[in-house]
Amino acid sequence: MSQYVLKVHSRCDLACDHCYIYEHADQSWRGRPRAMTAEVVRQAGRRIAEHAAAHGLARVRVVLHGGEPLLMGVAGLRSTLELLSAQIAPVAALDLGMQTNGVRLSPEFCDLFVEFGVRVGVSLDGDRPANDRHRRHADGAGSHDAVCAALALLRRAEYRSSYAGLLCTVDVENDPIAVYQALLAEQPPRIDFLLPHATWAVPPPRPGPDPTPYATWLLAVYHRWTDDGRPVPIRFLDSVLSLGRGGRSGTESLGLDPADVVVIETDGAWEQPDSMKTAFDGAPATGLDVFGHGVDDVTAVPAIAERQAGAAALCATCRSCPVVGQCGGGLYAHRYRPGSDFANPSVYCADLKRLITMMNGSRTSDRPEPVLADPPPQVLDAIAGGAGDAEAVRFLADSQHAIVRALWVAAADRVGGPGAMSRRVLERVDAQAPEAVRAVLSHPYVRVWAIRCLEGTPDATYLAGLAAAAALRGGVSAEVVVKAGAVHLPTVGTVRLPDPGEPALLRIEDGTLTVGRPAIGAPVRPVAADSWLPTRRVLVDGLAVAIEDGDPYRDCHDWPVEGRLAEPQARSWLAMIEGAWAAVRRDAPGHTSGLRVGLSAIAPLTADPANPHRSATSRHAFGAMCATHSGVDELAVMLVHEFQHSKLGAILDLVDLLDPDRRSERLAVAWRPDPRPLEGVLQGVYAHLGVADVWRSRHRAEPADPLAATWFRRYRDWTASALDALLGTGALTPRGVRFATRMGETLHGWPQ
């Protein structure tokens, strides 16, 4: 066992009519002490530490619960946290959480939670009408205003690290979209939906003719959440998706993972999970307590042991169900029926089966990973025509992703032992949140890192950064150990570590990054503001480009790169890129759709007065370019020019346009004094085709501008002469001839 719920207070300051603790079958709260004494807390901590030491657990999680834990007061909770830390921290790292209704939350409580690293979940059922339907005071007054005030407090910068998320109990009479939007408005790191506790003896409300109203309600939320781009993790829905991919559940409500949580009541009694209170009076009881029994005694209780047995412990109906791997029979308490106890499907069986089946049939982010394939003729033709439409560039991006997926696995093998932990994290995130891993592995410089690893320079720190970035993006809890002065999290940012050269633990939980020492029991703290360097991005008119000044592998462009930009520099770069994008839209509109899909990063170069307008790409960094700080018109040309190189490099990863035995042959070209290798000529022709298109547009807009006319004719003539020479070598493959011929058609289709 590694998760414990401590019922530090048995009473509550609300009178919610759907509360399973006070309103359902088990009424044992009436005979419990109001608050957990120091003696019980201390002994509970001893038992937890004892179990962790005996089983070699590096980490345990303790959640303070109730009743309402805030009724303990600041002093009472401080004492509880100090006692738990004193007992457990010497043996295992201690994750602390709390679930509260939020009504009494104050800055004093929040200061305490930040000090001890307590992550606070708050119960909220939606907007005012939805929440106050059930979550009311004893006098009937609603709690919505007080809860929202508590959430506003947790959103403050100094307390945000303690904000764990929202728990919402489903009521099918509430509007699902209004509830979802109200929860989203509170900016939670995570949302979870709880089916109201019910059994076959006391079924859940089902108003109206819909036989599966809970599935209908959750599907409405699921479709809206998906349409919104899944802006926040929703544990119940994420669990369905993860289990459908063969991943873990993350909740006892779904799946066949062993149950790993027990409860300690205010009097020290060991109990089964709280949901059992809905079954019958005395259902959660084990007959054991912390003074006479250890955790191993609790795990031997038949009802708890049964929940470690997976599908074998389910009834025949569940075992034969096609979605049993995701449903897992539903929450154990929801299976209760007088006469057959828990040997039944969930009372929500029909809802769960419909929900899972519909989600499995509509998943959009779970399509198979792309595999390398020859580009279809229409893709080759679209790219060869000079610009390439969005679909053609998307094909190239998908192909690059397939290459990088293969390379990162090989690179992780080369990194070996130091990267094993990070590799496991990345694989686990890939099972639970594949879209997050895809986004991180699509970062242009991941391939550069992988190739350098395979060439003999393994870098475990970058692999840890990949794992941490994917976990953050995917909302997956994870830990990685790094040893460097800083670690870059591709697509996310860079963390400067407090003790360069010393091992550091990066922990990701509920969308928050904390850092500490990897020693058992060492505390973790939120990353200090001056130690977190987020990736800056330009987001304009469908273009999303990172100003990449933190990735250590951006040096692949062979020009000196800038370090972290100061804020004034960064603002200047943002404005310059926005202006250059406007110029591209004006002067090269045919290139915009491809750039939106494929260009993802620009690495600033250090200034060079002798060469003020420099830019470059790397064959191994699709979608990235580097450039000096320039005028917007100059940068617009660079954007088109360099992305031409990126596209052609991606094509050359898939097909041979040149005879492999003749690539090193050289050919004279007008734009260089020295003869160039044939592949370099092909790259130059394709890049200059794009640049000529920009100057053609500018010349057409300003016919009297001699500069535009000169540059258009120069690039057009350079391209035409080199293309003819290339076709005359006989070194192009049949697809290379097709590609070159298509370039020629574009070039010769322009007015002379």
# chains A, B, ... in the order shown; residues from 1 in each chain; ligands from 1
$ closest_atom_pairs --of "region 229-283 of chain A" --to "region 30-41 of chain A" --cutoff "10 Å" --atoms "only C-alpha atoms" --output "JSON lines"
{"residue": "A:Ile264", "atom": "CA", "partner": "A:Val40", "partner_atom": "CA", "distance": 9.2}
{"residue": "A:Glu265", "atom": "CA", "partner": "A:Met36", "partner_atom": "CA", "distance": 7.7}
{"residue": "A:Thr266", "atom": "CA", "partner": "A:Met36", "partner_atom": "CA", "distance": 4.3}
{"residue": "A:Asp267", "atom": "CA", "partner": "A:Pro33", "partner_atom": "CA", "distance": 6.2}
{"residue": "A:Gly268", "atom": "CA", "partner": "A:Val40", "partner_atom": "CA", "distance": 5.7}
{"residue": "A:Ala269", "atom": "CA", "partner": "A:Val40", "partner_atom": "CA", "distance": 9.4}
$ closest_atom_pairs --of "region 386-407 of chain A" --to "region 680-703 of chain A" --cutoff "12 Å" --atoms "only C-alpha atoms" --output "JSON lines"
{"residue": "A:Gly386", "atom": "CA", "partner": "A:Gly690", "partner_atom": "CA", "distance": 6.1}
{"residue": "A:Ala387", "atom": "CA", "partner": "A:Gly690", "partner_atom": "CA", "distance": 7.1}
{"residue": "A:Gly388", "atom": "CA", "partner": "A:Gly690", "partner_atom": "CA", "distance": 10.7}
$ closest_residue --among "A:Gly385, A:Gly165, A:Gly416, A:Gly501" --to "Leu183 (chain A)" --atoms "only C-alpha atoms"
A:Gly165
$ residues_around --residues "Arg206 (chain A)" --least-positions-apart "4" --cutoff "12 Å" --atoms "only C-alpha atoms" --output "ChimeraX atom specification"
/A:170-173,196,198,202,210-217,347-348,351
$ write_last_selection --atoms "C-alpha atoms" --output "PDB file, in the first residue's frame"
ATOM      1  CA  VAL A 170     -22.357  14.322 -11.610  1.00  0.00           C
ATOM      2  CA  ASP A 171     -26.037  15.239 -11.462  1.00  0.00           C
ATOM      3  CA  VAL A 172     -27.732  14.468 -14.762  1.00  0.00           C
ATOM      4  CA  GLU A 173     -30.282  17.209 -14.153  1.00  0.00           C
ATOM      5  CA  PRO A 196     -22.890   9.652  -7.344  1.00  0.00           C
ATOM      6  CA  ALA A 198     -25.200   4.169  -5.473  1.00  0.00           C
ATOM      7  CA  VAL A 202     -30.412   2.164  -3.809  1.00  0.00           C
ATOM      8  CA  ASP A 210     -32.901   7.781 -21.207  1.00  0.00           C
ATOM      9  CA  PRO A 211     -31.691   4.344 -19.975  1.00  0.00           C
ATOM     10  CA  THR A 212     -28.079   5.571 -19.711  1.00  0.00           C
ATOM     11  CA  PRO A 213     -28.283   9.238 -18.641  1.00  0.00           C
ATOM     12  CA  TYR A 214     -24.862   9.246 -16.971  1.00  0.00           C
ATOM     13  CA  ALA A 215     -23.199   8.103 -20.195  1.00  0.00           C
ATOM     14  CA  THR A 216     -25.133  10.748 -22.120  1.00  0.00           C
ATOM     15  CA  TRP A 217     -24.039  13.437 -19.670  1.00  0.00           C
ATOM     16  CA  VAL A 347     -25.130  -0.422 -10.940  1.00  0.00           C
ATOM     17  CA  TYR A 348     -23.751   1.913 -13.661  1.00  0.00           C
ATOM     18  CA  ASP A 351     -23.781   3.702 -18.608  1.00  0.00           C
TER      19      ASP A 351
END
$ residues_around --residues "Leu256 (chain A)" --least-positions-apart "6" --cutoff "9 Å" --atoms "only C-alpha atoms" --output "count of residues only"
13
